[in-house]
file query.pdb (PDB, C-alpha atoms)
ATOM      1  CA  MET A  21     -18.071 -10.813   5.975
ATOM      2  CA  GLN A  22     -19.081  -7.245   5.473
ATOM      3  CA  CYS A  23     -19.751  -4.476   7.946
ATOM      4  CA  LYS A  24     -19.929  -0.727   8.221
ATOM      5  CA  THR A  25     -17.572   0.801  10.748
ATOM      6  CA  THR A  26     -15.986   4.133  11.625
ATOM      7  CA  LEU A  27     -12.321   4.975  11.066
ATOM      8  CA  LEU A  28     -10.934   6.069  14.416
ATOM      9  CA  GLN A  29      -7.871   8.182  15.144
ATOM     10  CA  PRO A  30      -5.331   7.184  17.790
ATOM     11  CA  ALA A  31      -4.759   9.592  20.655
ATOM     12  CA  LYS A  32      -1.051   9.604  19.717
ATOM     13  CA  SER A  33       0.195   8.563  16.298
ATOM     14  CA  GLY A  34       3.627   7.525  17.592
ATOM     15  CA  ASP A  35       5.962   8.151  14.659
ATOM     16  CA  GLY A  36       4.116  11.258  13.444
ATOM     17  CA  ALA A  37       2.750   9.657  10.268
ATOM     18  CA  PRO A  38      -1.052   9.873  10.115
ATOM     19  CA  TRP A  39      -2.957   6.642  10.552
ATOM     20  CA  ALA A  40      -6.343   5.394  11.621
ATOM     21  CA  PHE A  41      -7.741   2.172  13.006
ATOM     22  CA  VAL A  42     -10.906   0.132  12.909
ATOM     23  CA  ILE A  43     -12.377  -2.036  15.634
ATOM     24  CA  LEU A  44     -14.395  -4.895  14.206
ATOM     25  CA  PRO A  45     -17.926  -5.325  15.482
ATOM     26  CA  LYS A  46     -18.028  -8.348  17.797
ATOM     27  CA  SER A  47     -20.571  -9.995  15.486
ATOM     28  CA  VAL A  48     -17.906 -10.042  12.752
ATOM     29  CA  ALA A  49     -15.015 -11.017  15.044
ATOM     30  CA  GLU A  50     -17.018 -13.996  16.337
ATOM     31  CA  LYS A  51     -16.984 -15.459  12.816
ATOM     32  CA  LEU A  52     -13.188 -15.383  12.520
ATOM     33  CA  PRO A  53     -11.287 -18.664  12.869
ATOM     34  CA  ARG A  54      -9.438 -17.553  16.031
ATOM     35  CA  ARG A  55      -9.446 -14.858  18.671
ATOM     36  CA  GLY A  56      -5.713 -14.204  18.298
ATOM     37  CA  ARG A  57      -3.892 -12.678  15.343
ATOM     38  CA  THR A  58      -5.715 -13.577  12.150
ATOM     39  CA  THR A  59      -4.695 -12.742   8.582
ATOM     40  CA  VAL A  60      -7.482 -11.675   6.256
ATOM     41  CA  ASP A  61      -7.988 -10.440   2.736
ATOM     42  CA  ALA A  62      -9.851  -7.179   3.175
ATOM     43  CA  LYS A  63     -11.388  -4.277   1.324
ATOM     44  CA  ILE A  64     -12.136  -0.779   2.532
ATOM     45  CA  ASN A  65     -14.563   0.990   0.232
ATOM     46  CA  GLY A  66     -13.641  -1.600  -2.400
ATOM     47  CA  HIS A  67      -9.843  -1.109  -2.110
ATOM     48  CA  ALA A  68      -8.253  -4.559  -1.551
ATOM     49  CA  PHE A  69      -5.356  -5.348   0.798
ATOM     50  CA  ARG A  70      -4.111  -8.138   3.096
ATOM     51  CA  VAL A  71      -3.649  -7.532   6.811
ATOM     52  CA  THR A  72      -3.198  -9.374  10.073
ATOM     53  CA  LEU A  73      -5.921  -8.416  12.521
ATOM     54  CA  GLU A  74      -4.828  -7.919  16.120
ATOM     55  CA  PRO A  75      -6.903  -9.006  19.122
ATOM     56  CA  ASP A  76      -8.256  -6.020  21.047
ATOM     57  CA  GLY A  77      -8.559  -7.667  24.464
ATOM     58  CA  GLN A  78     -12.333  -7.192  24.359
ATOM     59  CA  LEU A  79     -13.170 -10.369  22.364
ATOM     60  CA  SER A  80     -12.842  -8.550  19.065
ATOM     61  CA  HIS A  81     -10.072  -7.449  16.686
ATOM     62  CA  TRP A  82      -8.684  -4.220  15.334
ATOM     63  CA  LEU A  83      -6.620  -3.227  12.333
ATOM     64  CA  ARG A  84      -4.328  -0.324  11.594
ATOM     65  CA  ILE A  85      -5.008   1.731   8.471
ATOM     66  CA  ASP A  86      -1.822   3.541   7.439
ATOM     67  CA  ALA A  87      -1.673   6.801   5.473
ATOM     68  CA  GLU A  88      -1.115   4.991   2.166
ATOM     69  CA  LEU A  89      -4.204   2.833   2.634
ATOM     70  CA  LEU A  90      -6.272   5.816   3.775
ATOM     71  CA  GLU A  91      -5.363   7.623   0.572
ATOM     72  CA  ALA A  92      -5.858   4.606  -1.695
ATOM     73  CA  SER A  93      -9.305   3.873  -0.247
ATOM     74  CA  GLY A  94     -10.387   7.510  -0.319
ATOM     75  CA  ALA A  95     -11.293   7.239   3.354
ATOM     76  CA  SER A  96     -10.624   9.649   6.201
ATOM     77  CA  VAL A  97     -10.729   9.564   9.982
ATOM     78  CA  GLY A  98     -14.236   9.787  11.385
ATOM     79  CA  GLU A  99     -15.823   8.459   8.212
ATOM     80  CA  ARG A 100     -17.995   5.340   8.121
ATOM     81  CA  VAL A 101     -16.557   2.851   5.677
ATOM     82  CA  THR A 102     -17.597  -0.479   4.246
ATOM     83  CA  LEU A 103     -15.196  -3.191   5.363
ATOM     84  CA  ASP A 104     -15.147  -6.640   3.753
ATOM     85  CA  ILE A 105     -12.979  -9.334   5.308
ATOM     86  CA  THR A 106     -12.289 -12.941   4.394
ATOM     87  CA  PRO A 107      -9.915 -15.063   6.491
ATOM     88  CA  VAL A 108      -7.059 -16.502   4.435
ATOM     89  CA  ALA A 109      -7.107 -20.253   3.894
ATOM     90  CA  ARG A 110      -3.628 -20.610   5.413
ATOM     91  CA  GLU A 111      -1.732 -18.129   7.556
ATOM     92  CA  PRO A 112       1.298 -16.787   5.677
ATOM     93  CA  GLU A 113       4.713 -17.337   7.195
ATOM     94  CA  PRO A 114       5.745 -14.128   9.008
ATOM     95  CA  GLU A 115       8.903 -12.283   8.019
ATOM     96  CA  VAL A 116      11.591 -12.954  10.604
ATOM     97  CA  PRO A 117      13.557  -9.799  11.490
ATOM     98  CA  ALA A 118      17.287  -9.950  10.730
ATOM     99  CA  ASP A 119      18.341  -9.568  14.377
ATOM    100  CA  LEU A 120      16.128 -12.475  15.428
ATOM    101  CA  GLN A 121      17.412 -14.588  12.511
ATOM    102  CA  ALA A 122      20.996 -13.920  13.591
ATOM    103  CA  ALA A 123      20.253 -14.804  17.220
ATOM    104  CA  LEU A 124      18.501 -18.028  16.205
ATOM    105  CA  ALA A 125      21.390 -18.952  13.910
ATOM    106  CA  ALA A 126      23.763 -18.545  16.856
ATOM    107  CA  ALA A 127      21.583 -20.787  19.084
ATOM    108  CA  PRO A 128      21.109 -24.167  17.372
ATOM    109  CA  GLU A 129      18.765 -25.568  20.044
ATOM    110  CA  ALA A 130      16.509 -22.501  19.793
ATOM    111  CA  LEU A 131      16.607 -22.624  15.994
ATOM    112  CA  ALA A 132      15.550 -26.276  15.984
ATOM    113  CA  VAL A 133      12.506 -25.509  18.149
ATOM    114  CA  TRP A 134      11.721 -22.381  16.090
ATOM    115  CA  GLU A 135      11.688 -24.441  12.900
ATOM    116  CA  GLU A 136       9.297 -26.944  14.498
ATOM    117  CA  THR A 137       7.021 -24.194  15.835
ATOM    118  CA  THR A 138       3.743 -23.500  14.048
ATOM    119  CA  THR A 139       3.207 -20.421  11.917
ATOM    120  CA  LEU A 140       0.612 -19.205  14.431
ATOM    121  CA  ALA A 141       3.131 -19.432  17.262
ATOM    122  CA  ARG A 142       5.696 -17.487  15.222
ATOM    123  CA  LEU A 143       2.969 -14.888  14.607
ATOM    124  CA  ASP A 144       2.950 -14.386  18.378
ATOM    125  CA  TRP A 145       6.719 -14.374  18.935
ATOM    126  CA  ILE A 146       7.627 -11.815  16.276
ATOM    127  CA  PRO A 147       5.251  -8.986  17.313
ATOM    128  CA  TRP A 148       6.277  -9.456  20.946
ATOM    129  CA  ILE A 149       9.872  -8.832  19.891
ATOM    130  CA  THR A 150       9.236  -6.061  17.354
ATOM    131  CA  SER A 151       6.871  -4.125  19.636
ATOM    132  CA  ALA A 152       9.741  -3.197  21.954
ATOM    133  CA  ARG A 153      10.209   0.557  21.924
ATOM    134  CA  GLN A 154      13.843   0.561  22.952
ATOM    135  CA  ALA A 155      16.736  -1.321  21.369
ATOM    136  CA  LYS A 156      17.768  -2.604  24.809
ATOM    137  CA  THR A 157      14.304  -4.086  25.406
ATOM    138  CA  ARG A 158      14.234  -5.642  21.949
ATOM    139  CA  ALA A 159      17.643  -7.250  22.486
ATOM    140  CA  LYS A 160      16.492  -8.616  25.855
ATOM    141  CA  ARG A 161      13.333 -10.063  24.289
ATOM    142  CA  ILE A 162      15.372 -11.738  21.557
ATOM    143  CA  GLY A 163      17.672 -13.221  24.201
ATOM    144  CA  ASP A 164      14.694 -14.355  26.272
ATOM    145  CA  ALA A 165      13.042 -15.877  23.200
ATOM    146  CA  CYS A 166      16.195 -17.838  22.330
ATOM    147  CA  ASP A 167      16.489 -19.016  25.951
ATOM    148  CA  MET A 168      12.847 -20.140  26.074
ATOM    149  CA  LEU A 169      12.997 -21.799  22.669
ATOM    150  CA  GLY A 170      16.297 -23.465  23.518
ATOM    151  CA  ALA A 171      14.707 -24.875  26.671
ATOM    152  CA  GLY A 172      11.933 -26.358  24.522
TER     153      GLY A 172
END
call {"tool": "encode", "arguments": {"input": "query.pdb", "output": "structure tokens"}}
result
Amino acid sequence: MQCKTTLLQPAKSGDGAPWAFVILPKSVAEKLPRRGRTTVDAKINGHAFRVTLEPDGQLSHWLRIDAELLEASGASVGERVTLDITPVAREPEPEVPADLQAALAAAPEALAVWEETTTLARLDWIPWITSARQAKTRAKRIGDACDMLGAG
């Protein structure tokens, strides 16, 4: 799927590193295999990369373009770019953060359910945990995740 779209700049960049984002046109998002997180092979101005699209809450998806990708694609904020996306045949297994791995290892019931959980479900658990802004919140989410998984 190919579209032309504008690179947008966030109101606040968070960590100070420059980045941009793209919101997919709904006509493109409608052709994706799911409305949740979806991994795609993509190109911006011909520069290839793999990314997991995030749902935008408006029946579409968005993707973050970090400084390295901006530079590699020769694109800049405010510019219209050509975006090509192709959903991957099979979602890749997400990388499990070390603190979550340790908590799962210490909770055998939770680990058993985690191992039986689908890749798509793990794609939802991990960002919920890693999006915590404070260490205390992240630790609570890991504890809650282990409790919920342990309960089945």
call {"tool": "resolve_selection", "arguments": {"input": "query.pdb", "expression": "the PyMOL selection byres ((chain A and resi 172) around 10)", "output": "mmCIF file with C-alpha atoms, in the coordinates of the input"}}
result
data_model
loop_
_atom_site.group_PDB
_atom_site.id
_atom_site.type_symbol
_atom_site.label_atom_id
_atom_site.label_comp_id
_atom_site.auth_asym_id
_atom_site.auth_seq_id
_atom_site.Cartn_x
_atom_site.Cartn_y
_atom_site.Cartn_z
ATOM 1 C CA GLU A 129 18.765 -25.568 20.044
ATOM 2 C CA ALA A 130 16.509 -22.501 19.793
ATOM 3 C CA ALA A 132 15.550 -26.276 15.984
ATOM 4 C CA VAL A 133 12.506 -25.509 18.149
ATOM 5 C CA TRP A 134 11.721 -22.381 16.090
ATOM 6 C CA CYS A 166 16.195 -17.838 22.330
ATOM 7 C CA ASP A 167 16.489 -19.016 25.951
ATOM 8 C CA MET A 168 12.847 -20.140 26.074
ATOM 9 C CA LEU A 169 12.997 -21.799 22.669
ATOM 10 C CA GLY A 170 16.297 -23.465 23.518
ATOM 11 C CA ALA A 171 14.707 -24.875 26.671
#
call {"tool": "resolve_selection", "arguments": {"input": "query.pdb", "expression": "the PyMOL selection byres ((chain A and resi 111-114) around 12)", "output": "ChimeraX atom specification"}}
result
/A:53-54,57-61,70-73,107-110,115-117,135,137-147
call {"tool": "atom_distance", "arguments": {"input": "query.pdb", "atom1": "atom CA of Pro30 of chain A", "atom2": "atom CA of Ala92 of chain A"}}
result
19.7 Å
call {"tool": "resolve_selection", "arguments": {"input": "query.pdb", "expression": "the PyMOL selection byres ((chain A and resi 103) around 8)", "output": "list in words"}}
result
Gln22, Cys23, Lys24, Thr25, Ala62, Lys63, Ile64, Asn65, Val101, Thr102, Asp104 and Ile105 of chain A
call {"tool": "closest_atom_pairs", "arguments": {"input": "query.pdb", "of": "segment 68-147 of chain A", "to": "segment 36-41 of chain A", "cutoff": "6 Å", "atoms": "only C-alpha atoms", "output": "Markdown table"}}
result
| residue | atom | partner | partner_atom | distance |
| --- | --- | --- | --- | --- |
| A:Leu83 | CA | A:Phe41 | CA | 5.6 |
| A:Arg84 | CA | A:Phe41 | CA | 4.5 |
| A:Ile85 | CA | A:Ala40 | CA | 5.0 |
| A:Asp86 | CA | A:Trp39 | CA | 4.5 |
| A:Ala87 | CA | A:Trp39 | CA | 5.2 |
call {"tool": "write_last_selection", "arguments": {"input": "query.pdb", "atoms": "C-alpha atoms", "output": "compact mmCIF listing (two decimals), in the coordinates of the input"}}
result
# COMPACT_ATOMS: atom_id res chain seq x y z
CA LEU A 83 -6.62 -3.23 12.33
CA ARG A 84 -4.33 -0.32 11.59
CA ILE A 85 -5.01 1.73 8.47
CA ASP A 86 -1.82 3.54 7.44
CA ALA A 87 -1.67 6.80 5.47
call {"tool": "residues_near_point", "arguments": {"input": "query.pdb", "point": "(-10.5, -11.4, 22.5)", "cutoff": "12 Å", "atoms": "all atoms listed in the file", "output": "PyMOL selection string"}}
result
chain A and resi 43-46+49-50+52+54-58+73-82
call {"tool": "atom_distance", "arguments": {"input": "query.pdb", "atom1": "atom CA of Arg161 of chain A", "atom2": "atom CA of Ile149 of chain A"}}
result
5.7 Å
